[in-house]
$ cat entry-v3.tsv   # TSV, C-alpha atoms
chain	number	residue	atom	x	y	z
A	1	MET	CA	-4.65	-3.35	-25.69
A	2	THR	CA	-7.42	-4.66	-27.96
A	3	ALA	CA	-7.44	-7.98	-29.79
A	4	THR	CA	-9.66	-9.77	-32.29
A	5	LYS	CA	-9.58	-13.07	-30.43
A	6	PRO	CA	-12.95	-13.92	-28.83
A	7	ILE	CA	-13.86	-13.17	-25.24
A	8	LEU	CA	-14.08	-16.25	-23.04
A	9	ILE	CA	-17.23	-16.35	-20.90
A	10	LEU	CA	-17.17	-18.88	-18.07
A	11	GLN	CA	-20.54	-19.58	-16.45
A	12	LEU	CA	-21.34	-21.49	-13.27
A	13	ARG	CA	-25.14	-21.42	-13.05
A	14	PRO	CA	-26.70	-24.91	-13.08
A	15	GLU	CA	-30.09	-23.80	-14.40
A	16	ASP	CA	-30.50	-23.36	-18.16
A	17	ALA	CA	-32.85	-20.38	-17.80
A	18	THR	CA	-30.57	-18.33	-15.53
A	19	SER	CA	-27.44	-19.30	-17.43
A	20	ASP	CA	-28.95	-18.37	-20.79
A	21	SER	CA	-30.36	-15.13	-19.42
A	22	GLU	CA	-27.03	-14.15	-17.86
A	23	TYR	CA	-25.26	-14.85	-21.14
A	24	ALA	CA	-27.82	-12.77	-23.06
A	25	CYS	CA	-27.25	-9.85	-20.68
A	26	LEU	CA	-23.48	-10.13	-21.05
A	27	LEU	CA	-23.90	-9.93	-24.82
A	28	ASN	CA	-26.40	-7.07	-24.67
A	29	TYR	CA	-24.63	-4.78	-22.22
A	30	GLY	CA	-21.16	-5.78	-23.38
A	31	GLY	CA	-22.02	-4.87	-26.97
A	32	LEU	CA	-21.15	-8.40	-28.09
A	33	ARG	CA	-22.47	-10.92	-30.60
A	34	THR	CA	-22.42	-14.65	-29.98
A	35	GLU	CA	-19.62	-15.02	-32.52
A	36	ASP	CA	-17.52	-12.58	-30.49
A	37	THR	CA	-17.44	-14.98	-27.57
A	38	CYS	CA	-16.60	-18.49	-26.51
A	39	ARG	CA	-19.14	-19.57	-23.90
A	40	ILE	CA	-18.34	-22.47	-21.57
A	41	ARG	CA	-20.68	-23.67	-18.84
A	42	ILE	CA	-18.38	-25.20	-16.24
A	43	GLU	CA	-20.93	-26.10	-13.56
A	44	GLN	CA	-20.97	-29.77	-14.60
A	45	HIS	CA	-17.40	-30.66	-15.54
A	46	GLY	CA	-15.23	-27.75	-14.43
A	47	ILE	CA	-12.78	-25.82	-16.63
A	48	PRO	CA	-11.49	-27.90	-19.56
A	49	ASP	CA	-7.94	-29.17	-19.02
A	50	ASP	CA	-6.89	-28.00	-22.48
A	51	LEU	CA	-8.14	-24.44	-22.09
A	52	GLY	CA	-5.56	-22.02	-23.51
A	53	VAL	CA	-5.78	-18.48	-22.15
A	54	ASP	CA	-3.83	-17.14	-25.15
A	55	ASP	CA	-6.74	-18.07	-27.39
A	56	TYR	CA	-8.86	-15.26	-25.92
A	57	SER	CA	-8.68	-11.49	-25.67
A	58	ALA	CA	-10.26	-11.42	-22.20
A	59	ILE	CA	-12.10	-13.58	-19.67
A	60	ILE	CA	-15.47	-12.83	-18.02
A	61	VAL	CA	-16.81	-14.94	-15.15
A	62	GLY	CA	-20.42	-14.71	-13.99
A	63	GLY	CA	-22.25	-15.58	-10.81
A	64	SER	CA	-23.38	-18.86	-9.28
A	65	PRO	CA	-25.18	-20.36	-6.27
A	66	PHE	CA	-21.87	-21.85	-5.00
A	67	ASP	CA	-20.38	-20.29	-1.85
A	68	ILE	CA	-16.66	-20.44	-1.15
A	69	SER	CA	-17.31	-19.99	2.57
A	70	THR	CA	-19.31	-23.24	2.71
A	71	PRO	CA	-17.49	-25.70	5.02
A	72	GLU	CA	-15.24	-27.96	2.96
A	73	ASP	CA	-17.00	-31.15	4.01
A	74	MET	CA	-20.32	-29.73	2.78
A	75	LYS	CA	-19.13	-28.74	-0.70
A	76	THR	CA	-20.09	-30.87	-3.67
A	77	THR	CA	-17.46	-32.63	-5.72
A	78	ILE	CA	-18.03	-30.29	-8.66
A	79	GLN	CA	-17.69	-27.19	-6.48
A	80	LYS	CA	-14.37	-28.44	-5.14
A	81	LYS	CA	-13.19	-29.12	-8.69
A	82	ILE	CA	-14.29	-25.67	-9.87
A	83	GLU	CA	-12.37	-23.97	-7.06
A	84	ILE	CA	-9.23	-25.98	-7.85
A	85	ASP	CA	-9.62	-25.25	-11.56
A	86	PHE	CA	-10.00	-21.54	-10.92
A	87	ASN	CA	-6.92	-21.40	-8.75
A	88	LYS	CA	-4.94	-22.85	-11.67
A	89	LEU	CA	-6.54	-20.42	-14.14
A	90	LEU	CA	-6.15	-17.40	-11.89
A	91	LYS	CA	-2.48	-18.14	-11.35
A	92	GLN	CA	-1.99	-17.49	-15.06
A	93	VAL	CA	-4.39	-14.53	-15.10
A	94	VAL	CA	-2.77	-12.70	-12.19
A	95	THR	CA	0.83	-13.57	-13.00
A	96	ARG	CA	0.48	-12.48	-16.62
A	97	ASP	CA	-2.07	-9.69	-15.98
A	98	ILE	CA	-4.51	-11.22	-18.45
A	99	PRO	CA	-7.71	-9.15	-18.88
A	100	PHE	CA	-10.29	-10.61	-16.51
A	101	LEU	CA	-13.62	-9.50	-15.08
A	102	GLY	CA	-15.20	-11.58	-12.32
A	103	ALA	CA	-18.69	-10.65	-11.10
A	104	CYS	CA	-20.04	-11.84	-7.74
A	105	SER	CA	-18.82	-15.47	-7.69
A	106	GLY	CA	-15.97	-14.40	-9.96
A	107	ASN	CA	-15.13	-11.76	-7.34
A	108	GLY	CA	-15.05	-14.37	-4.58
A	109	LEU	CA	-12.96	-16.80	-6.59
A	110	LEU	CA	-10.38	-14.12	-7.36
A	111	GLY	CA	-10.35	-12.86	-3.78
A	112	ASN	CA	-9.94	-16.40	-2.49
A	113	TYR	CA	-7.02	-17.03	-4.85
A	114	LEU	CA	-5.37	-13.82	-3.62
A	115	GLY	CA	-5.60	-15.04	-0.04
A	116	THR	CA	-8.40	-12.86	1.27
A	117	ARG	CA	-10.88	-14.37	3.71
A	118	ILE	CA	-14.34	-14.99	2.25
A	119	SER	CA	-17.18	-14.94	4.78
A	120	THR	CA	-20.82	-14.03	5.35
A	121	LYS	CA	-19.84	-10.92	7.35
A	122	TYR	CA	-20.72	-8.53	4.53
A	123	ALA	CA	-23.64	-10.34	2.91
A	124	GLU	CA	-26.23	-8.10	1.25
A	125	ALA	CA	-29.87	-8.68	0.44
A	126	VAL	CA	-31.00	-8.67	-3.17
A	127	GLY	CA	-31.69	-5.14	-4.32
A	128	CYS	CA	-30.54	-1.91	-5.92
A	129	VAL	CA	-27.73	-0.32	-3.88
A	130	THR	CA	-25.84	2.97	-4.18
A	131	LEU	CA	-22.05	2.57	-4.12
A	132	ASN	CA	-19.16	5.03	-3.83
A	133	ILE	CA	-16.27	5.28	-6.27
A	134	THR	CA	-12.92	5.73	-4.50
A	135	GLU	CA	-10.37	8.36	-5.45
A	136	GLN	CA	-8.28	5.67	-7.12
A	137	GLY	CA	-11.39	4.37	-8.81
A	138	LYS	CA	-12.03	7.75	-10.40
A	139	GLN	CA	-8.71	7.33	-12.23
A	140	ASP	CA	-9.46	3.84	-13.52
A	141	LYS	CA	-10.27	3.42	-17.21
A	142	LEU	CA	-13.51	1.58	-16.46
A	143	LEU	CA	-14.83	4.30	-14.13
A	144	THR	CA	-13.33	7.59	-15.25
A	145	GLY	CA	-15.93	10.30	-15.80
A	146	PHE	CA	-18.55	8.54	-13.66
A	147	PRO	CA	-20.38	10.37	-10.87
A	148	THR	CA	-19.05	9.82	-7.34
A	149	GLN	CA	-21.92	7.42	-6.61
A	150	ILE	CA	-23.65	4.92	-8.88
A	151	ASP	CA	-26.51	2.43	-8.48
A	152	VAL	CA	-25.96	-1.29	-8.97
A	153	LEU	CA	-27.89	-4.53	-8.62
A	154	LEU	CA	-26.57	-7.15	-6.24
A	155	GLY	CA	-27.42	-9.89	-3.78
A	156	HIS	CA	-24.88	-12.19	-2.13
A	157	LYS	CA	-24.46	-14.42	0.90
A	158	GLU	CA	-20.70	-13.91	1.14
A	159	ALA	CA	-18.00	-11.43	0.16
A	160	VAL	CA	-14.30	-10.73	0.61
A	161	ASP	CA	-13.67	-9.37	4.09
A	162	THR	CA	-10.89	-7.01	3.02
A	163	THR	CA	-9.30	-5.71	-0.17
A	164	PRO	CA	-6.78	-8.36	-1.32
A	165	GLU	CA	-3.14	-7.57	-0.65
A	166	GLY	CA	-1.66	-5.65	-3.57
A	167	ALA	CA	-5.06	-4.83	-5.07
A	168	THR	CA	-6.57	-1.39	-5.65
A	169	LEU	CA	-10.01	-0.72	-4.15
A	170	LEU	CA	-12.14	0.98	-6.80
A	171	MET	CA	-15.65	0.98	-5.33
A	172	THR	CA	-17.03	0.61	-1.83
A	173	GLY	CA	-20.43	0.41	-0.14
A	174	ARG	CA	-22.07	1.06	3.21
A	175	ASP	CA	-22.85	-2.57	4.02
A	176	CYS	CA	-20.09	-4.27	2.04
A	177	PRO	CA	-16.80	-2.34	1.89
A	178	VAL	CA	-15.15	-4.15	-1.04
A	179	GLN	CA	-17.41	-3.77	-4.08
A	180	MET	CA	-14.86	-3.53	-6.89
A	181	PHE	CA	-11.11	-4.00	-6.99
A	182	ARG	CA	-8.32	-4.35	-9.52
A	183	ILE	CA	-5.11	-6.35	-9.31
A	184	GLY	CA	-2.37	-5.33	-11.71
A	185	GLU	CA	-3.65	-3.27	-14.62
A	186	ASN	CA	-6.16	-5.61	-16.25
A	187	VAL	CA	-7.67	-7.97	-13.66
A	188	TYR	CA	-10.99	-6.77	-12.22
A	189	ALA	CA	-13.63	-8.05	-9.83
A	190	THR	CA	-17.03	-6.70	-8.82
A	191	GLN	CA	-19.26	-7.85	-5.97
A	192	PHE	CA	-22.26	-6.54	-7.90
A	193	HIS	CA	-23.57	-7.64	-11.30
A	194	PRO	CA	-22.63	-5.20	-14.09
A	195	GLU	CA	-24.61	-7.32	-16.54
A	196	GLY	CA	-27.75	-7.28	-14.41
A	197	ASP	CA	-31.02	-5.51	-15.08
A	198	ALA	CA	-34.45	-5.71	-13.45
A	199	LYS	CA	-35.75	-8.45	-15.76
A	200	GLU	CA	-32.67	-10.57	-15.14
A	201	PHE	CA	-32.86	-10.13	-11.38
A	202	ILE	CA	-36.55	-10.99	-11.26
A	203	LEU	CA	-35.71	-14.30	-12.96
A	204	ARG	CA	-32.96	-14.93	-10.39
A	205	ILE	CA	-35.32	-14.09	-7.51
A	206	ASP	CA	-37.78	-16.70	-8.80
A	207	THR	CA	-35.01	-19.24	-9.35
A	208	TYR	CA	-33.12	-18.81	-6.08
A	209	ARG	CA	-35.98	-18.04	-3.68
A	210	ASN	CA	-35.10	-21.17	-1.67
A	211	HIS	CA	-31.31	-20.82	-1.78
A	212	GLY	CA	-30.85	-18.70	1.34
A	213	TYR	CA	-30.39	-15.29	-0.28
A	214	PHE	CA	-33.66	-14.10	1.25
A	215	GLU	CA	-36.81	-15.44	2.89
A	216	PRO	CA	-39.18	-16.86	0.24
A	217	HIS	CA	-42.03	-14.60	1.35
A	218	GLU	CA	-39.87	-11.56	0.54
A	219	ALA	CA	-39.72	-12.36	-3.17
A	220	ASN	CA	-42.42	-9.95	-4.37
A	221	GLU	CA	-41.00	-7.04	-2.38
A	222	LEU	CA	-37.51	-7.75	-3.73
A	223	LYS	CA	-38.84	-7.70	-7.29
A	224	LYS	CA	-40.10	-4.19	-6.62
A	225	ARG	CA	-36.74	-3.13	-5.20
A	226	VAL	CA	-34.73	-4.26	-8.21
A	227	SER	CA	-37.15	-2.45	-10.51
A	228	LEU	CA	-36.90	0.97	-8.81
A	229	LYS	CA	-33.98	2.39	-10.80
A	230	PRO	CA	-32.00	1.61	-13.94
A	231	THR	CA	-28.29	0.90	-13.43
A	232	PRO	CA	-26.66	2.32	-16.58
A	233	TYR	CA	-23.27	3.05	-15.04
A	234	ALA	CA	-22.90	-0.51	-13.78
A	235	GLN	CA	-23.64	-1.78	-17.27
A	236	GLU	CA	-21.23	0.79	-18.72
A	237	ILE	CA	-18.46	-0.89	-16.69
A	238	LEU	CA	-19.08	-4.09	-18.65
A	239	ARG	CA	-19.19	-2.21	-21.95
A	240	ARG	CA	-15.92	-0.43	-21.19
A	241	PHE	CA	-14.22	-3.64	-20.14
A	242	VAL	CA	-15.15	-5.28	-23.43
A	243	GLY	CA	-14.15	-2.19	-25.40
A	244	SER	CA	-10.78	-2.02	-23.67
A	245	TYR	CA	-9.70	-5.49	-24.74
A	246	TYR	CA	-11.76	-6.64	-27.69
A	247	CYS	CA	-11.82	-5.31	-31.24
A	248	ARG	CA	-14.42	-6.95	-33.45
A	249	ARG	CA	-13.23	-8.10	-36.85
A	250	GLU	CA	-15.85	-6.96	-39.36
$ encode --input "entry-v3.tsv" --output "structure tokens"
Amino acid sequence: MTATKPILILQLRPEDATSDSEYACLLNYGGLRTEDTCRIRIEQHGIPDDLGVDDYSAIIVGGSPFDISTPEDMKTTIQKKIEIDFNKLLKQVVTRDIPFLGACSGNGLLGNYLGTRISTKYAEAVGCVTLNITEQGKQDKLLTGFPTQIDVLLGHKEAVDTTPEGATLLMTGRDCPVQMFRIGENVYATQFHPEGDAKEFILRIDTYRNHGYFEPHEANELKKRVSLKPTPYAQEILRRFVGSYYCRRE
């Protein structure tokens, strides 16, 4: 199911440095060139009204400092618009089984659309964490041949409380049970960051040290934690997703 149409990358990070760095990591570990993608930063104006999902071979959504579990009266106008826009987009994605990969915030947005409660119950500190691949996960095209456990980089204040109804749980963790799931055959979500590496996470630690992910004085220790191990299997998930749906026209 590969296509030559570009991959749509939707980003929600307000800061130029973290947005650009995330995009560079998506290109690097996805095996993509800039011309293979259409990049849209939606943190200012939301998803364009004229966006046509049929113009793209797949959709990738990155992380953001927005939290779905924030009380409605405390959300900014742009966050409310983004959530409404995503519900419209995800209706098409899920109904038509359009290739989609949502990481962290993308995971929460998909889970929220599917009716799963999003809360701070399973928040995890920034760091490198070992996750387990489920029996069903071992059969999935993005995970087949992987070891039973893999290391990933993550850090989140909220998560889906349970696997969405009708979805397949692919990966789980000790402190956060829903780490990766699939709905249909082509719609994926990860609580962790498959595009992340130590350099990228160090930038995020510096950027978000006052955003409630951790205590500011913990920053230096967290930088050490994210630098302990490489996370090649997590990044391979991104590469396999791209390879499953995109065929570069030379």
$ closest_residue --input "entry-v3.tsv" --among "A:Arg117, A:His45, A:Lys141, A:Arg204" --to "Glu165 in chain A" --atoms "all atoms listed in the file"
A:Arg117
$ residues_around --input "entry-v3.tsv" --residues "Ile150 in chain A" --least-positions-apart "6" --cutoff "8 Å" --atoms "all atoms listed in the file" --output "count of residues only"
7
$ atom_distance --input "entry-v3.tsv" --atom1 "CA of Gln149 in chain A" --atom2 "CA of Gly243 in chain A"
22.5 Å
$ closest_residue --input "entry-v3.tsv" --among "A:Pro99, A:Gly111, A:Pro6, A:Pro48" --to "Phe241 in chain A" --atoms "all atoms listed in the file"
A:Pro99
$ closest_residue --input "entry-v3.tsv" --among "A:Asp206, A:Glu15, A:Glu195, A:Asp67" --to "Gln44 in chain A" --atoms "all atoms listed in the file"
A:Glu15
$ residues_around --input "entry-v3.tsv" --residues "Leu222 in chain A" --least-positions-apart "2" --cutoff "10 Å" --atoms "only C-alpha atoms" --output "MDAnalysis selection string"
chainID A and resid 125:128 201:202 205 214 217:220 224:227
$ write_last_selection --input "entry-v3.tsv" --atoms "C-alpha atoms" --output "compact mmCIF listing (two decimals), in the coordinates of the input"
# COMPACT_ATOMS: atom_id res chain seq x y z
CA ALA A 125 -29.87 -8.68 0.44
CA VAL A 126 -31.00 -8.67 -3.17
CA GLY A 127 -31.69 -5.14 -4.32
CA CYS A 128 -30.54 -1.91 -5.92
CA PHE A 201 -32.86 -10.13 -11.38
CA ILE A 202 -36.55 -10.99 -11.26
CA ILE A 205 -35.32 -14.09 -7.51
CA PHE A 214 -33.66 -14.10 1.25
CA HIS A 217 -42.03 -14.60 1.35
CA GLU A 218 -39.87 -11.56 0.54
CA ALA A 219 -39.72 -12.36 -3.17
CA ASN A 220 -42.42 -9.95 -4.37
CA LYS A 224 -40.10 -4.19 -6.62
CA ARG A 225 -36.74 -3.13 -5.20
CA VAL A 226 -34.73 -4.26 -8.21
CA SER A 227 -37.15 -2.45 -10.51
$ residues_around --input "entry-v3.tsv" --residues "Thr76 in chain A" --least-positions-apart "3" --cutoff "12 Å" --atoms "all atoms listed in the file" --output "tab-separated table (two decimals) with C-alpha atoms, in the frame of the given file"
chain	number	residue	atom	x	y	z
A	43	GLU	CA	-20.93	-26.10	-13.56
A	44	GLN	CA	-20.97	-29.77	-14.60
A	65	PRO	CA	-25.18	-20.36	-6.27
A	66	PHE	CA	-21.87	-21.85	-5.00
A	67	ASP	CA	-20.38	-20.29	-1.85
A	68	ILE	CA	-16.66	-20.44	-1.15
A	70	THR	CA	-19.31	-23.24	2.71
A	71	PRO	CA	-17.49	-25.70	5.02
A	72	GLU	CA	-15.24	-27.96	2.96
A	73	ASP	CA	-17.00	-31.15	4.01
A	79	GLN	CA	-17.69	-27.19	-6.48
A	80	LYS	CA	-14.37	-28.44	-5.14
A	81	LYS	CA	-13.19	-29.12	-8.69
A	82	ILE	CA	-14.29	-25.67	-9.87
A	83	GLU	CA	-12.37	-23.97	-7.06
$ atom_distance --input "entry-v3.tsv" --atom1 "CA of Arg248 in chain A" --atom2 "CA of Phe146 in chain A"
25.5 Å
$ closest_residue --input "entry-v3.tsv" --among "A:Thr77, A:Thr18, A:Gln92, A:Thr190" --to "Gly52 in chain A" --atoms "only C-alpha atoms"
A:Gln92
$ closest_residue --input "entry-v3.tsv" --among "A:Gly62, A:Pro230, A:Gly46, A:Gly31" --to "Gly106 in chain A" --atoms "only C-alpha atoms"
A:Gly62
$ atom_distance --input "entry-v3.tsv" --atom1 "CA of Leu26 in chain A" --atom2 "CA of Thr207 in chain A"
18.8 Å
$ closest_residue --input "entry-v3.tsv" --among "A:Glu215, A:Asp97, A:Glu135, A:Asp140" --to "Gly184 in chain A" --atoms "all atoms listed in the file"
A:Asp97
$ residues_around --input "entry-v3.tsv" --residues "Ser21 in chain A" --least-positions-apart "4" --cutoff "10 Å" --atoms "only C-alpha atoms" --output "PyMOL selection string"
chain A and resi 16-17+25-27+196+199-201+203-204
$ write_last_selection --input "entry-v3.tsv" --atoms "C-alpha atoms" --output "mmCIF file, in the coordinates of the input"
data_model
loop_
_atom_site.group_PDB
_atom_site.id
_atom_site.type_symbol
_atom_site.label_atom_id
_atom_site.label_comp_id
_atom_site.auth_asym_id
_atom_site.auth_seq_id
_atom_site.Cartn_x
_atom_site.Cartn_y
_atom_site.Cartn_z
ATOM 1 C CA ASP A 16 -30.500 -23.360 -18.160
ATOM 2 C CA ALA A 17 -32.850 -20.380 -17.800
ATOM 3 C CA CYS A 25 -27.250 -9.850 -20.680
ATOM 4 C CA LEU A 26 -23.480 -10.130 -21.050
ATOM 5 C CA LEU A 27 -23.900 -9.930 -24.820
ATOM 6 C CA GLY A 196 -27.750 -7.280 -14.410
ATOM 7 C CA LYS A 199 -35.750 -8.450 -15.760
ATOM 8 C CA GLU A 200 -32.670 -10.570 -15.140
ATOM 9 C CA PHE A 201 -32.860 -10.130 -11.380
ATOM 10 C CA LEU A 203 -35.710 -14.300 -12.960
ATOM 11 C CA ARG A 204 -32.960 -14.930 -10.390
#
$ residues_around --input "entry-v3.tsv" --residues "Leu142 in chain A" --least-positions-apart "2" --cutoff "9 Å" --atoms "all atoms listed in the file" --output "list of chain:residue names"
A:Gly137, A:Lys138, A:Gln139, A:Asp140, A:Thr144, A:Glu236, A:Ile237, A:Leu238, A:Arg239, A:Arg240, A:Phe241, A:Ser244
$ axis_aligned_box --input "entry-v3.tsv" --around "range 165-176 of chain A" --padding-each-side "5 Å" --output "JSON"
{"center_x": -12.3, "center_y": -3.3, "center_z": -1.4, "size_x": 31.2, "size_y": 18.6, "size_z": 20.8}
$ decode --input "entry-v3.tsv" --residues "range 202-220 of chain A" --atoms "N, CA and C atoms" --output "compact mmCIF listing (two decimals), in the first residue's frame"
# COMPACT_ATOMS: atom_id res chain seq x y z
N ILE A 202 17.19 16.48 24.87
CA ILE A 202 17.90 17.49 25.65
C ILE A 202 17.38 18.89 25.29
N LEU A 203 17.13 19.12 24.01
CA LEU A 203 16.55 20.40 23.59
C LEU A 203 15.17 20.58 24.22
N ARG A 204 14.36 19.53 24.22
CA ARG A 204 13.02 19.63 24.80
C ARG A 204 13.07 19.85 26.30
N ILE A 205 14.03 19.22 26.98
CA ILE A 205 14.18 19.43 28.42
C ILE A 205 14.49 20.89 28.70
N ASP A 206 15.39 21.49 27.92
CA ASP A 206 15.71 22.91 28.11
C ASP A 206 14.50 23.79 27.80
N THR A 207 13.74 23.43 26.78
CA THR A 207 12.61 24.25 26.35
C THR A 207 11.44 24.17 27.32
N TYR A 208 11.15 22.97 27.81
CA TYR A 208 9.94 22.75 28.60
C TYR A 208 10.20 22.56 30.09
N ARG A 209 11.34 23.08 30.58
CA ARG A 209 11.68 22.86 31.99
C ARG A 209 10.69 23.53 32.94
N ASN A 210 9.92 24.49 32.45
CA ASN A 210 8.93 25.15 33.31
C ASN A 210 7.49 24.87 32.88
N HIS A 211 7.30 23.74 32.20
CA HIS A 211 5.96 23.40 31.69
C HIS A 211 5.28 22.29 32.49
N GLY A 212 5.87 21.89 33.61
CA GLY A 212 5.21 20.92 34.47
C GLY A 212 5.53 19.47 34.20
N TYR A 213 6.41 19.19 33.24
CA TYR A 213 6.80 17.80 32.98
C TYR A 213 7.71 17.26 34.07
N PHE A 214 8.44 18.15 34.71
CA PHE A 214 9.39 17.78 35.76
C PHE A 214 9.72 19.05 36.54
N GLU A 215 10.38 18.87 37.68
CA GLU A 215 10.85 20.02 38.45
C GLU A 215 12.09 20.61 37.77
N PRO A 216 12.16 21.92 37.64
CA PRO A 216 13.29 22.54 36.92
C PRO A 216 14.66 22.07 37.39
N HIS A 217 14.80 21.82 38.69
CA HIS A 217 16.12 21.42 39.20
C HIS A 217 16.51 20.01 38.76
N GLU A 218 15.57 19.26 38.19
CA GLU A 218 15.84 17.90 37.74
C GLU A 218 16.41 17.85 36.33
N ALA A 219 16.50 18.99 35.67
CA ALA A 219 16.84 19.01 34.25
C ALA A 219 18.16 18.30 33.93
N ASN A 220 19.21 18.58 34.67
CA ASN A 220 20.51 17.98 34.37
C ASN A 220 20.49 16.47 34.53
